[in-house]
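> Contents of protein_17.cif (mmCIF, C-alpha atoms) are below:
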```cif
data_entry
#
loop_
_atom_site.label_atom_id
_atom_site.label_comp_id
_atom_site.auth_asym_id
_atom_site.auth_seq_id
_atom_site.Cartn_x
_atom_site.Cartn_y
_atom_site.Cartn_z
CA MET A 1 140.55 175.25 73.31
CA THR A 2 144.34 175.49 73.69
CA THR A 3 146.41 173.49 76.17
CA ASP A 4 146.52 175.33 79.47
CA THR A 5 149.85 176.50 80.78
CA PRO A 6 150.58 174.98 84.19
CA ARG A 7 150.66 177.20 87.26
CA THR A 8 148.91 180.16 85.62
CA ARG A 9 147.44 182.46 88.29
CA LEU A 10 143.68 182.24 87.92
CA SER A 11 140.78 183.37 90.10
CA PRO A 12 138.91 180.52 91.83
CA ASP A 13 136.04 180.78 89.32
CA GLU A 14 138.41 180.79 86.38
CA ARG A 15 140.31 177.82 87.77
CA ARG A 16 137.08 175.90 88.33
CA ALA A 17 135.87 176.71 84.80
CA GLN A 18 139.26 175.69 83.41
CA LEU A 19 139.03 172.30 85.11
CA LEU A 20 135.48 171.79 83.84
CA GLU A 21 136.45 172.72 80.29
CA LEU A 22 139.27 170.22 80.55
CA GLY A 23 136.83 167.59 81.82
CA MET A 24 134.51 168.25 78.86
CA ARG A 25 137.45 167.80 76.51
CA LEU A 26 138.53 164.55 78.20
CA PHE A 27 134.91 163.41 78.19
CA GLY A 28 134.88 163.84 74.41
CA SER A 29 137.35 161.01 73.88
CA ARG A 30 136.74 158.48 76.67
CA PRO A 31 134.00 157.24 79.02
CA ILE A 32 133.51 159.07 82.30
CA GLU A 33 134.98 156.27 84.43
CA GLU A 34 138.33 156.75 82.69
CA ILE A 35 138.57 160.36 83.88
CA SER A 36 140.83 159.96 86.91
CA ILE A 37 142.22 162.61 89.22
CA ASP A 38 145.72 161.61 88.04
CA LEU A 39 144.74 162.31 84.44
CA VAL A 40 143.27 165.71 85.35
CA MET A 41 146.37 166.60 87.42
CA GLU A 42 148.60 165.71 84.51
CA GLU A 43 146.53 167.50 81.86
CA ALA A 44 145.85 170.65 83.89
CA GLY A 45 149.20 170.79 85.68
CA VAL A 46 147.51 171.25 89.06
CA SER A 47 147.79 169.42 92.36
CA ARG A 48 145.50 166.71 93.68
CA GLY A 49 144.64 168.99 96.61
CA LEU A 50 143.43 171.75 94.31
CA ILE A 51 141.06 169.39 92.43
CA TYR A 52 139.70 168.05 95.72
CA HIS A 53 139.32 171.63 96.96
CA TYR A 54 137.04 172.54 94.06
CA PHE A 55 135.22 169.27 93.47
CA ASP A 56 135.23 167.13 96.57
CA GLY A 57 136.97 164.17 94.98
CA LYS A 58 136.77 162.08 91.84
CA GLN A 59 133.03 161.42 91.90
CA GLY A 60 132.29 165.08 92.59
CA TYR A 61 134.48 166.12 89.68
CA ARG A 62 132.84 163.65 87.31
CA GLU A 63 129.36 164.82 88.30
CA ALA A 64 130.38 168.45 87.84
CA VAL A 65 131.72 167.62 84.36
CA VAL A 66 128.50 165.82 83.39
CA ARG A 67 126.44 168.73 84.71
CA TYR A 68 128.64 171.17 82.78
CA ALA A 69 128.24 169.10 79.60
CA ALA A 70 124.47 168.93 80.08
CA GLU A 71 124.25 172.70 80.62
CA ASP A 72 126.35 173.24 77.52
CA LEU A 73 123.97 171.03 75.51
CA PHE A 74 120.96 172.92 76.89
CA ALA A 75 122.50 176.32 76.08
CA GLN A 76 123.63 175.30 72.59
CA THR A 77 120.16 174.05 71.65
CA ALA A 78 118.23 177.13 72.82
CA PRO A 79 115.52 178.05 70.28
CA PRO A 80 116.00 181.38 68.49
CA ALA A 81 113.96 184.39 69.65
CA GLU A 82 112.17 184.88 66.32
CA GLY A 83 109.70 182.77 64.37
CA GLY A 84 106.58 180.74 65.07
CA PRO A 85 106.62 177.87 67.56
CA MET A 86 107.27 175.18 64.94
CA GLU A 87 109.99 177.21 63.27
CA ARG A 88 111.71 177.69 66.62
CA LEU A 89 111.31 173.99 67.37
CA ALA A 90 112.89 173.18 64.00
CA ALA A 91 115.82 175.52 64.70
CA SER A 92 116.34 174.07 68.17
CA THR A 93 116.18 170.52 66.80
CA ALA A 94 118.68 171.39 64.06
CA ALA A 95 120.98 172.82 66.75
CA TYR A 96 120.63 169.56 68.70
CA VAL A 97 121.52 167.46 65.64
CA ASP A 98 124.54 169.67 64.93
CA TYR A 99 125.61 169.53 68.57
CA VAL A 100 125.52 165.73 68.69
CA VAL A 101 127.31 165.43 65.35
CA ALA A 102 130.04 167.88 66.46
CA ASN A 103 130.43 166.31 69.93
CA GLU A 104 129.58 162.72 69.16
CA ALA A 105 132.08 161.00 71.48
CA GLY A 106 131.28 163.35 74.36
CA TYR A 107 127.56 162.94 73.81
CA ARG A 108 127.88 159.15 73.82
CA SER A 109 129.86 159.46 77.06
CA LEU A 110 127.05 161.57 78.52
CA VAL A 111 124.40 159.01 77.56
CA ALA A 112 126.52 156.15 78.93
CA ALA A 113 127.31 158.01 82.17
CA ALA A 114 123.63 158.82 82.65
CA ALA A 115 122.39 155.29 82.03
CA GLY A 116 125.14 153.39 83.78
CA GLY A 117 126.26 155.89 86.36
CA ASN A 118 124.91 156.63 89.78
CA GLU A 119 121.62 158.29 90.63
CA ALA A 120 123.17 161.78 90.47
CA MET A 121 124.40 161.25 86.90
CA ARG A 122 121.05 159.89 85.80
CA SER A 123 119.13 162.77 87.30
CA ILE A 124 121.37 165.38 85.62
CA TYR A 125 120.68 163.79 82.23
CA ASP A 126 116.97 163.27 82.89
CA ALA A 127 116.53 166.82 84.19
CA THR A 128 118.21 168.21 81.08
CA PHE A 129 115.94 166.25 78.76
CA GLU A 130 112.90 167.23 80.78
CA ALA A 131 114.00 170.88 80.63
CA MET A 132 114.46 170.61 76.86
CA GLY A 133 110.92 169.25 76.60
CA GLU A 134 109.54 171.91 78.95
CA ARG A 135 111.25 174.57 76.88
CA PHE A 136 108.90 173.81 73.99
CA TYR A 137 106.08 175.00 76.20
CA ASP A 138 107.92 178.15 77.25
CA GLU A 139 108.21 178.82 73.54
CA GLY A 140 104.51 178.48 72.84
CA ALA A 141 104.40 174.89 71.60
CA ALA A 142 101.12 174.33 73.45
CA ASP A 143 99.34 176.44 70.80
CA VAL A 144 100.46 173.97 68.14
CA LEU A 145 100.83 170.63 69.95
CA GLY A 146 98.31 171.05 72.74
CA ASP A 147 99.23 170.21 76.31
CA SER A 148 98.20 167.11 78.25
CA PRO A 149 99.95 164.27 80.07
CA ALA A 150 99.62 162.22 76.86
CA VAL A 151 101.31 164.91 74.75
CA ARG A 152 104.10 165.29 77.30
CA LEU A 153 104.64 161.52 77.26
CA VAL A 154 104.87 161.64 73.46
CA ILE A 155 107.41 164.47 73.63
CA ARG A 156 109.64 162.40 75.94
CA GLY A 157 109.41 159.41 73.58
CA TRP A 158 110.11 161.67 70.61
CA GLN A 159 113.24 163.01 72.34
CA ALA A 160 114.54 159.46 72.86
CA MET A 161 113.83 158.70 69.20
CA VAL A 162 115.65 161.83 68.03
CA GLU A 163 118.66 160.95 70.18
CA LYS A 164 118.81 157.43 68.75
CA LEU A 165 118.21 158.62 65.16
CA VAL A 166 121.01 161.16 65.36
CA LEU A 167 123.51 158.81 67.03
CA THR A 168 122.71 156.03 64.55
CA TRP A 169 122.97 158.48 61.67
CA CYS A 170 126.40 159.59 62.97
CA SER A 171 127.62 156.01 62.58
CA ASP A 172 126.40 155.77 58.96
CA ARG A 173 125.44 159.01 57.26
CA THR A 174 124.58 157.32 53.99
CA ALA A 175 121.11 156.36 55.30
CA MET A 176 119.75 159.81 54.42
CA PRO A 177 121.05 163.33 53.77
CA ARG A 178 121.29 165.67 56.79
CA ALA A 179 118.37 167.76 55.43
CA ASP A 180 116.12 164.68 55.37
CA LEU A 181 117.16 163.79 58.92
CA LEU A 182 116.25 167.32 60.07
CA ALA A 183 112.92 167.17 58.27
CA LEU A 184 112.21 163.76 59.83
CA VAL A 185 112.96 164.81 63.41
CA THR A 186 111.07 168.10 63.06
CA ASN A 187 107.98 166.77 61.29
CA SER A 188 107.73 163.65 63.43
CA LEU A 189 106.72 165.50 66.59
CA PRO A 190 103.40 166.93 65.29
CA ALA A 191 102.78 163.63 63.45
CA LEU A 192 103.21 161.67 66.70
CA VAL A 193 101.12 164.10 68.74
CA HIS A 194 98.42 163.76 66.09
CA LEU A 195 98.27 160.01 66.90
CA THR A 196 97.34 160.59 70.56
CA MET B 1 109.87 130.35 89.91
CA THR B 2 110.29 128.66 93.26
CA THR B 3 113.32 128.94 95.50
CA ASP B 4 115.84 126.27 94.58
CA THR B 5 116.77 123.67 97.11
CA PRO B 6 120.49 123.66 97.82
CA ARG B 7 122.65 120.68 96.79
CA THR B 8 120.04 119.19 94.45
CA ARG B 9 121.71 116.86 91.91
CA LEU B 10 121.31 118.51 88.54
CA SER B 11 122.83 117.86 85.13
CA PRO B 12 125.39 120.48 84.03
CA ASP B 13 122.85 122.08 81.66
CA GLU B 14 120.18 122.17 84.34
CA ARG B 15 122.62 123.67 86.84
CA ARG B 16 123.68 126.32 84.35
CA ALA B 17 120.05 127.16 83.54
CA GLN B 18 119.24 127.30 87.26
CA LEU B 19 122.02 129.81 87.86
CA LEU B 20 120.88 131.93 84.91
CA GLU B 21 117.26 131.89 86.09
CA LEU B 22 118.50 133.01 89.49
CA GLY B 23 120.53 135.78 87.84
CA MET B 24 117.42 136.97 85.95
CA ARG B 25 115.49 137.06 89.21
CA LEU B 26 118.26 138.99 91.01
CA PHE B 27 118.53 141.29 87.98
CA GLY B 28 114.85 142.15 88.45
CA SER B 29 115.46 143.91 91.73
CA ARG B 30 118.94 145.44 91.52
CA PRO B 31 121.47 146.77 88.99
CA ILE B 32 123.87 144.28 87.42
CA GLU B 33 126.91 145.52 89.34
CA GLU B 34 125.24 144.48 92.59
CA ILE B 35 125.07 140.85 91.48
CA SER B 36 128.14 139.42 93.21
CA ILE B 37 129.43 135.86 93.29
CA ASP B 38 128.83 135.87 97.07
CA LEU B 39 125.17 136.74 96.49
CA VAL B 40 124.74 133.99 93.90
CA MET B 41 126.50 131.46 96.18
CA GLU B 42 124.16 132.36 99.01
CA GLU B 43 120.98 132.36 96.93
CA ALA B 44 121.74 129.19 94.95
CA GLY B 45 123.49 127.30 97.75
CA VAL B 46 126.40 126.43 95.48
CA SER B 47 130.15 126.89 95.78
CA ARG B 48 132.26 129.67 94.31
CA GLY B 49 134.15 127.04 92.32
CA LEU B 50 130.98 125.80 90.66
CA ILE B 51 129.98 129.30 89.52
CA TYR B 52 133.47 129.90 88.16
CA HIS B 53 133.35 126.52 86.47
CA TYR B 54 130.21 127.45 84.50
CA PHE B 55 130.74 131.16 83.94
CA ASP B 56 134.42 132.01 84.12
CA GLY B 57 134.05 134.52 86.95
CA LYS B 58 131.84 137.42 87.93
CA GLN B 59 131.99 139.33 84.66
CA GLY B 60 131.31 136.16 82.68
CA TYR B 61 128.30 135.40 84.86
CA ARG B 62 126.89 138.92 84.50
CA GLU B 63 127.28 138.81 80.73
CA ALA B 64 125.59 135.41 80.59
CA VAL B 65 122.69 136.78 82.66
CA VAL B 66 122.30 139.82 80.39
CA ARG B 67 122.42 137.57 77.31
CA TYR B 68 119.84 135.27 78.90
CA ALA B 69 117.57 138.24 79.71
CA ALA B 70 117.94 139.59 76.16
CA GLU B 71 117.10 136.17 74.67
CA ASP B 72 114.09 135.95 76.95
CA LEU B 73 112.89 139.37 75.76
CA PHE B 74 113.40 138.34 72.13
CA ALA B 75 111.50 135.08 72.61
CA GLN B 76 108.64 136.69 74.55
CA THR B 77 108.07 139.30 71.85
CA ALA B 78 108.00 136.93 68.88
CA PRO B 79 105.18 137.87 66.49
CA PRO B 80 102.36 135.33 66.16
CA ALA B 81 102.31 133.06 63.10
CA GLU B 82 98.95 134.31 61.81
CA GLY B 83 97.75 137.65 60.49
CA GLY B 84 99.01 140.34 58.10
CA PRO B 85 102.37 142.04 58.66
CA MET B 86 100.88 145.02 60.54
CA GLU B 87 98.71 142.78 62.71
CA ARG B 88 101.75 140.69 63.64
CA LEU B 89 103.73 143.85 64.31
CA ALA B 90 100.94 145.06 66.59
CA ALA B 91 100.87 141.77 68.47
CA SER B 92 104.66 141.75 68.87
CA THR B 93 104.62 145.36 70.07
CA ALA B 94 101.86 144.58 72.57
CA ALA B 95 103.95 141.66 73.83
CA TYR B 96 106.92 144.02 74.23
CA VAL B 97 104.84 146.52 76.22
CA ASP B 98 103.52 143.73 78.44
CA TYR B 99 107.01 142.32 78.90
CA VAL B 100 108.46 145.65 80.02
CA VAL B 101 105.51 146.34 82.33
CA ALA B 102 105.80 142.87 83.91
CA ASN B 103 109.62 142.98 84.21
CA GLU B 104 110.13 146.71 84.69
CA ALA B 105 113.03 146.58 87.18
CA GLY B 106 114.86 143.88 85.24
CA TYR B 107 114.32 145.74 81.98
CA ARG B 108 115.69 148.95 83.49
CA SER B 109 118.69 146.92 84.71
CA LEU B 110 119.19 145.61 81.19
CA VAL B 111 119.10 149.12 79.69
CA ALA B 112 121.49 150.42 82.37
CA ALA B 113 123.87 147.47 81.99
CA ALA B 114 123.89 147.92 78.21
CA ALA B 115 124.53 151.66 78.30
CA GLY B 116 126.97 151.77 81.17
CA GLY B 117 128.53 148.35 80.99
CA ASN B 118 131.40 147.11 78.94
CA GLU B 119 131.47 146.57 75.19
CA ALA B 120 130.14 143.00 75.55
CA MET B 121 127.03 144.17 77.46
CA ARG B 122 126.35 146.91 74.95
CA SER B 123 126.67 144.58 71.99
CA ILE B 124 124.25 142.03 73.51
CA TYR B 125 121.61 144.75 73.92
CA ASP B 126 122.27 146.33 70.51
CA ALA B 127 122.22 142.95 68.76
CA THR B 128 118.88 142.12 70.39
CA PHE B 129 117.32 145.39 69.26
CA GLU B 130 118.74 144.96 65.79
CA ALA B 131 117.34 141.41 65.67
CA MET B 132 113.93 142.68 66.80
CA GLY B 133 114.04 145.22 63.95
CA GLU B 134 115.22 142.62 61.46
CA ARG B 135 112.42 140.33 62.54
CA PHE B 136 109.90 142.76 61.05
CA TYR B 137 111.43 142.00 57.68
CA ASP B 138 111.36 138.26 58.20
CA GLU B 139 107.66 138.73 58.87
CA GLY B 140 106.99 140.59 55.64
CA ALA B 141 107.10 144.19 56.88
CA ALA B 142 108.92 145.25 53.69
CA ASP B 143 105.61 144.87 51.79
CA VAL B 144 104.05 147.50 54.05
CA LEU B 145 106.93 149.71 55.18
CA GLY B 146 109.29 149.34 52.24
CA ASP B 147 112.97 148.63 52.81
CA SER B 148 115.84 151.09 52.52
CA PRO B 149 118.63 152.39 54.78
CA ALA B 150 116.33 155.34 55.65
CA VAL B 151 113.46 153.03 56.72
CA ARG B 152 115.83 150.90 58.78
CA LEU B 153 117.14 154.03 60.49
CA VAL B 154 113.56 155.06 61.26
CA ILE B 155 112.82 151.62 62.73
CA ARG B 156 115.81 151.92 65.10
CA GLY B 157 114.64 155.39 66.21
CA TRP B 158 111.10 154.10 66.64
CA GLN B 159 112.37 151.25 68.84
CA ALA B 160 114.16 153.74 71.11
CA MET B 161 110.98 155.83 71.27
CA VAL B 162 108.84 152.81 72.17
CA GLU B 163 111.28 151.83 74.91
CA LYS B 164 111.20 155.32 76.41
CA LEU B 165 107.41 155.64 76.04
CA VAL B 166 106.80 152.34 77.82
CA LEU B 167 109.30 152.99 80.62
CA THR B 168 107.94 156.51 81.17
CA TRP B 169 104.39 155.18 81.10
CA CYS B 170 105.35 152.56 83.73
CA SER B 171 106.30 155.41 86.08
CA ASP B 172 102.97 157.19 85.60
CA ARG B 173 100.19 155.23 83.95
CA THR B 174 97.69 158.08 84.21
CA ALA B 175 99.12 159.73 81.06
CA MET B 176 97.02 157.46 78.83
CA PRO B 177 95.22 154.10 79.01
CA ARG B 178 97.20 151.00 78.00
CA ALA B 179 95.09 150.63 74.84
CA ASP B 180 96.04 154.16 73.73
CA LEU B 181 99.71 153.45 74.41
CA LEU B 182 99.48 150.30 72.27
CA ALA B 183 97.73 152.19 69.47
CA LEU B 184 100.36 154.94 69.65
CA VAL B 185 103.37 152.61 69.45
CA THR B 186 101.80 150.51 66.68
CA ASN B 187 100.50 153.33 64.51
CA SER B 188 103.59 155.48 64.92
CA LEU B 189 105.85 153.20 62.87
CA PRO B 190 103.99 153.53 59.55
CA ALA B 191 103.42 157.24 60.32
CA LEU B 192 107.17 157.79 60.82
CA VAL B 193 108.13 155.74 57.76
CA HIS B 194 105.66 157.84 55.76
CA LEU B 195 107.75 160.93 56.68
CA THR B 196 110.93 159.59 55.05
#
```
Mind converting the file's structure to structure tokens?

Amino acid sequence: MTTDTPRTRLSPDERRAQLLELGMRLFGSRPIEEISIDLVMEEAGVSRGLIYHYFDGKQGYREAVVRYAAEDLFAQTAPPAEGGPMERLAASTAAYVDYVVANEAGYRSLVAAAAGGNEAMRSIYDATFEAMGERFYDEGAADVLGDSPAVRLVIRGWQAMVEKLVLTWCSDRTAMPRADLLALVTNSLPALVHLT
Amino acid sequence: MTTDTPRTRLSPDERRAQLLELGMRLFGSRPIEEISIDLVMEEAGVSRGLIYHYFDGKQGYREAVVRYAAEDLFAQTAPPAEGGPMERLAASTAAYVDYVVANEAGYRSLVAAAAGGNEAMRSIYDATFEAMGERFYDEGAADVLGDSPAVRLVIRGWQAMVEKLVLTWCSDRTAMPRADLLALVTNSLPALVHLT
């Protein structure tokens, strides 16, 4: 995204989206608590009053940015329309790995904001992960994995494992080639469900 | 632990340990950022100056409490001296599950402090998890699991999965009996390593 020109005439929706895009970009290089209204004013060339008008203050802005980032993650990891359930799971998982690798700093900020932030931040993150797990079922995973409270518990644990595997792999990619990482995260889910 | 009597004469080491035990107890019912010097003064019946003397201020005290909690977790999950590597792993994992179940609020505080706190908090938590992973090797896990960067990556992912599984299970224990949870977390490590 290019640097926005100050004082461009935008519709309210465009202005809001512009400020959220900016927040996502800022979020990609620093933790959420370093995103101040002053920084946003300076980067977007807008007034304090305008930011408060759209987001109800600093905390409201930060929550909106985290929600925007979580929605972006959810959209970017949507399974493709074609293929069997496990193929679509594999494609969605590959998209998740690529997303984290491409947005590593922002993703780490999201995890940190969710774990250390307030209740609102935590619930945005948790709801996104739950929705990503639920999505498997919308896509027919029940035919392959079955569906029970135990399987759903395993899926949540598997998601946490995948997150940690990908973030650890980002720090040192020599541990295994990307293809092996993808195979590991994809094949581990049925293997884990098989243990229940 | 019993409530400490104010103004008891204690040696410096005993006083320090008393304040850390108190911090652990406070940590078990609230997030780290709610542990203030005023609260510690009130609960321990000691002066502000004494707390600053031992811990170099609020942040120093919080870090010392997190380190103390992490060391406690590490000690409580030590594998037993007897048995084969996988038996000792199973016993250590069972101890971890029991520890989290018994200290759920404090454990959640530890996770939140590590993820959202400063660099020092994060490195205490990360170092503890790394040490728990390393401990498998001290105990002869290499004979069973092998040892390579890929296996070590899998162990770190498995640890994150176990943490999430146990914390999720704490919120709703109807998903599976405790024995099934233990079998799942123990059997999943060799199953995951087998996939690499």
> Kindly indicate which residue among A:Ala94, A:Val100, A:Leu153, A:Leu20 lies nearest to Arg173 (chain B), using all atoms listed in the file for the distances.
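That would be A:Leu153, the residue with the smallest distance to Arg173 (chain B).
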> Write out the coordinates of chain B as a short mmCIF file (atom, residue, chain, number, x, y, z; two decimals) with C-alpha atoms, keeping the file's coordinate frame after a least-squares overlay onto chain A built on all ordered Cα pairs.

```
data_model
loop_
_atom_site.label_atom_id
_atom_site.label_comp_id
_atom_site.auth_asym_id
_atom_site.auth_seq_id
_atom_site.Cartn_x
_atom_site.Cartn_y
_atom_site.Cartn_z
CA MET B 1 140.28 175.47 73.27
CA THR B 2 144.02 175.73 73.66
CA THR B 3 146.13 173.68 76.04
CA ASP B 4 146.33 175.43 79.40
CA THR B 5 149.65 176.57 80.68
CA PRO B 6 150.47 175.03 84.05
CA ARG B 7 150.65 177.21 87.18
CA THR B 8 148.90 180.20 85.60
CA ARG B 9 147.43 182.46 88.31
CA LEU B 10 143.68 182.24 87.95
CA SER B 11 140.79 183.36 90.13
CA PRO B 12 138.92 180.51 91.86
CA ASP B 13 136.04 180.77 89.36
CA GLU B 14 138.41 180.78 86.41
CA ARG B 15 140.30 177.79 87.80
CA ARG B 16 137.07 175.89 88.35
CA ALA B 17 135.87 176.70 84.82
CA GLN B 18 139.26 175.67 83.42
CA LEU B 19 139.03 172.28 85.12
CA LEU B 20 135.48 171.78 83.86
CA GLU B 21 136.45 172.72 80.30
CA LEU B 22 139.27 170.20 80.55
CA GLY B 23 136.82 167.58 81.83
CA MET B 24 134.51 168.25 78.85
CA ARG B 25 137.45 167.80 76.49
CA LEU B 26 138.55 164.55 78.18
CA PHE B 27 134.91 163.41 78.18
CA GLY B 28 134.90 163.81 74.40
CA SER B 29 137.35 160.99 73.88
CA ARG B 30 136.75 158.48 76.67
CA PRO B 31 134.01 157.23 79.02
CA ILE B 32 133.53 159.06 82.31
CA GLU B 33 135.00 156.28 84.44
CA GLU B 34 138.33 156.74 82.69
CA ILE B 35 138.59 160.35 83.87
CA SER B 36 140.83 159.96 86.91
CA ILE B 37 142.23 162.60 89.24
CA ASP B 38 145.73 161.59 88.07
CA LEU B 39 144.74 162.31 84.46
CA VAL B 40 143.28 165.71 85.36
CA MET B 41 146.38 166.57 87.44
CA GLU B 42 148.61 165.71 84.51
CA GLU B 43 146.55 167.50 81.88
CA ALA B 44 145.86 170.65 83.92
CA GLY B 45 149.22 170.79 85.70
CA VAL B 46 147.52 171.25 89.06
CA SER B 47 147.79 169.42 92.37
CA ARG B 48 145.50 166.70 93.69
CA GLY B 49 144.66 168.98 96.62
CA LEU B 50 143.43 171.72 94.32
CA ILE B 51 141.08 169.37 92.45
CA TYR B 52 139.73 168.04 95.74
CA HIS B 53 139.36 171.60 96.98
CA TYR B 54 137.06 172.53 94.07
CA PHE B 55 135.24 169.26 93.47
CA ASP B 56 135.24 167.15 96.61
CA GLY B 57 136.97 164.17 95.00
CA LYS B 58 136.77 162.09 91.86
CA GLN B 59 133.04 161.41 91.92
CA GLY B 60 132.30 165.07 92.61
CA TYR B 61 134.48 166.11 89.69
CA ARG B 62 132.84 163.64 87.31
CA GLU B 63 129.37 164.80 88.32
CA ALA B 64 130.39 168.43 87.84
CA VAL B 65 131.72 167.60 84.36
CA VAL B 66 128.50 165.80 83.40
CA ARG B 67 126.43 168.72 84.72
CA TYR B 68 128.64 171.14 82.79
CA ALA B 69 128.24 169.08 79.59
CA ALA B 70 124.46 168.90 80.08
CA GLU B 71 124.26 172.68 80.63
CA ASP B 72 126.35 173.21 77.52
CA LEU B 73 123.97 171.02 75.50
CA PHE B 74 120.97 172.91 76.89
CA ALA B 75 122.51 176.29 76.08
CA GLN B 76 123.63 175.27 72.58
CA THR B 77 120.16 174.05 71.65
CA ALA B 78 118.23 177.11 72.82
CA PRO B 79 115.55 178.05 70.27
CA PRO B 80 116.04 181.39 68.50
CA ALA B 81 113.99 184.38 69.67
CA GLU B 82 112.21 184.89 66.34
CA GLY B 83 109.74 182.81 64.37
CA GLY B 84 106.60 180.77 65.07
CA PRO B 85 106.65 177.90 67.58
CA MET B 86 107.28 175.21 64.93
CA GLU B 87 110.02 177.25 63.27
CA ARG B 88 111.75 177.71 66.63
CA LEU B 89 111.33 174.01 67.36
CA ALA B 90 112.91 173.21 64.00
CA ALA B 91 115.84 175.52 64.68
CA SER B 92 116.37 174.06 68.16
CA THR B 93 116.20 170.52 66.78
CA ALA B 94 118.70 171.39 64.05
CA ALA B 95 121.00 172.80 66.73
CA TYR B 96 120.65 169.55 68.69
CA VAL B 97 121.53 167.45 65.63
CA ASP B 98 124.55 169.66 64.92
CA TYR B 99 125.62 169.51 68.56
CA VAL B 100 125.53 165.71 68.67
CA VAL B 101 127.32 165.41 65.32
CA ALA B 102 130.05 167.85 66.45
CA ASN B 103 130.44 166.30 69.93
CA GLU B 104 129.57 162.69 69.14
CA ALA B 105 132.06 160.97 71.49
CA GLY B 106 131.28 163.32 74.37
CA TYR B 107 127.56 162.92 73.80
CA ARG B 108 127.87 159.13 73.81
CA SER B 109 129.85 159.46 77.07
CA LEU B 110 127.06 161.56 78.52
CA VAL B 111 124.40 158.99 77.56
CA ALA B 112 126.53 156.14 78.94
CA ALA B 113 127.32 158.01 82.17
CA ALA B 114 123.63 158.82 82.65
CA ALA B 115 122.41 155.28 82.04
CA GLY B 116 125.14 153.39 83.82
CA GLY B 117 126.26 155.90 86.40
CA ASN B 118 124.90 156.63 89.81
CA GLU B 119 121.59 158.28 90.65
CA ALA B 120 123.15 161.77 90.49
CA MET B 121 124.40 161.24 86.90
CA ARG B 122 121.05 159.88 85.80
CA SER B 123 119.13 162.76 87.32
CA ILE B 124 121.37 165.37 85.62
CA TYR B 125 120.67 163.79 82.22
CA ASP B 126 116.95 163.26 82.89
CA ALA B 127 116.52 166.81 84.20
CA THR B 128 118.21 168.20 81.08
CA PHE B 129 115.93 166.25 78.77
CA GLU B 130 112.90 167.23 80.79
CA ALA B 131 114.00 170.89 80.63
CA MET B 132 114.47 170.62 76.86
CA GLY B 133 110.90 169.27 76.61
CA GLU B 134 109.56 171.93 78.94
CA ARG B 135 111.27 174.59 76.89
CA PHE B 136 108.91 173.83 74.00
CA TYR B 137 106.10 175.03 76.21
CA ASP B 138 107.92 178.17 77.25
CA GLU B 139 108.23 178.86 73.54
CA GLY B 140 104.53 178.50 72.84
CA ALA B 141 104.40 174.91 71.60
CA ALA B 142 101.12 174.35 73.47
CA ASP B 143 99.35 176.47 70.81
CA VAL B 144 100.46 173.99 68.15
CA LEU B 145 100.84 170.66 69.95
CA GLY B 146 98.32 171.10 72.75
CA ASP B 147 99.25 170.23 76.32
CA SER B 148 98.21 167.14 78.26
CA PRO B 149 99.97 164.29 80.09
CA ALA B 150 99.63 162.23 76.86
CA VAL B 151 101.34 164.94 74.75
CA ARG B 152 104.12 165.30 77.31
CA LEU B 153 104.65 161.54 77.26
CA VAL B 154 104.86 161.66 73.46
CA ILE B 155 107.43 164.47 73.63
CA ARG B 156 109.65 162.39 75.94
CA GLY B 157 109.40 159.40 73.57
CA TRP B 158 110.13 161.65 70.60
CA GLN B 159 113.25 163.00 72.34
CA ALA B 160 114.55 159.44 72.85
CA MET B 161 113.83 158.69 69.19
CA VAL B 162 115.66 161.81 68.01
CA GLU B 163 118.66 160.92 70.16
CA LYS B 164 118.81 157.41 68.73
CA LEU B 165 118.21 158.59 65.15
CA VAL B 166 121.02 161.13 65.34
CA LEU B 167 123.50 158.78 67.02
CA THR B 168 122.70 155.99 64.54
CA TRP B 169 122.97 158.44 61.66
CA CYS B 170 126.40 159.56 62.97
CA SER B 171 127.61 155.96 62.57
CA ASP B 172 126.40 155.74 58.97
CA ARG B 173 125.45 158.97 57.26
CA THR B 174 124.58 157.28 53.97
CA ALA B 175 121.10 156.33 55.29
CA MET B 176 119.75 159.79 54.41
CA PRO B 177 121.05 163.32 53.77
CA ARG B 178 121.29 165.66 56.78
CA ALA B 179 118.39 167.75 55.43
CA ASP B 180 116.13 164.67 55.37
CA LEU B 181 117.16 163.77 58.92
CA LEU B 182 116.28 167.30 60.05
CA ALA B 183 112.93 167.17 58.27
CA LEU B 184 112.22 163.76 59.82
CA VAL B 185 112.98 164.80 63.40
CA THR B 186 111.08 168.09 63.05
CA ASN B 187 108.00 166.77 61.29
CA SER B 188 107.74 163.66 63.42
CA LEU B 189 106.73 165.52 66.59
CA PRO B 190 103.44 166.95 65.29
CA ALA B 191 102.81 163.65 63.45
CA LEU B 192 103.22 161.67 66.69
CA VAL B 193 101.14 164.12 68.74
CA HIS B 194 98.43 163.79 66.08
CA LEU B 195 98.26 160.04 66.90
CA THR B 196 97.34 160.61 70.56
#
```
> One number please: CA of Val111 (chain B) to CA of Gln159 (chain A), in Å, one decimal.
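That distance, rounded to one decimal, is 16.8 Å.
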> In Å, rounded to a single decimal, give me how far CA of Ser123 (chain A) is from CA of Ala102 (chain B).
24.2 Å
> Please identify all polymer residues within 9 Å of Met132 (chain A), counting only C-alpha atoms, omitting same-chain residues fewer than 5 positions from it, and present them as a list in words.
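My list of contacting residues is Phe74, Thr77, Ala78, Ala127 and Gln159 of chain A.
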> Could you list, as a PyMOL selection string, every residue matched by the PyMOL selection byres ((chain A and resi 125) around 10) in this structure?
chain A and resi 66-67+69-71+110-111+113-115+120-124+126-131
> To box region 81-92 of chain B, take all atoms listed in the file, fit an axis-aligned box, add 5 Å on each side, and give centre and edge lengths in Å to one decimal, as lines of an AutoDock Vina configuration file.

```
center_x = 101.2
center_y = 139.1
center_z = 63.5
size_x = 16.9
size_y = 22.0
size_z = 20.8
```
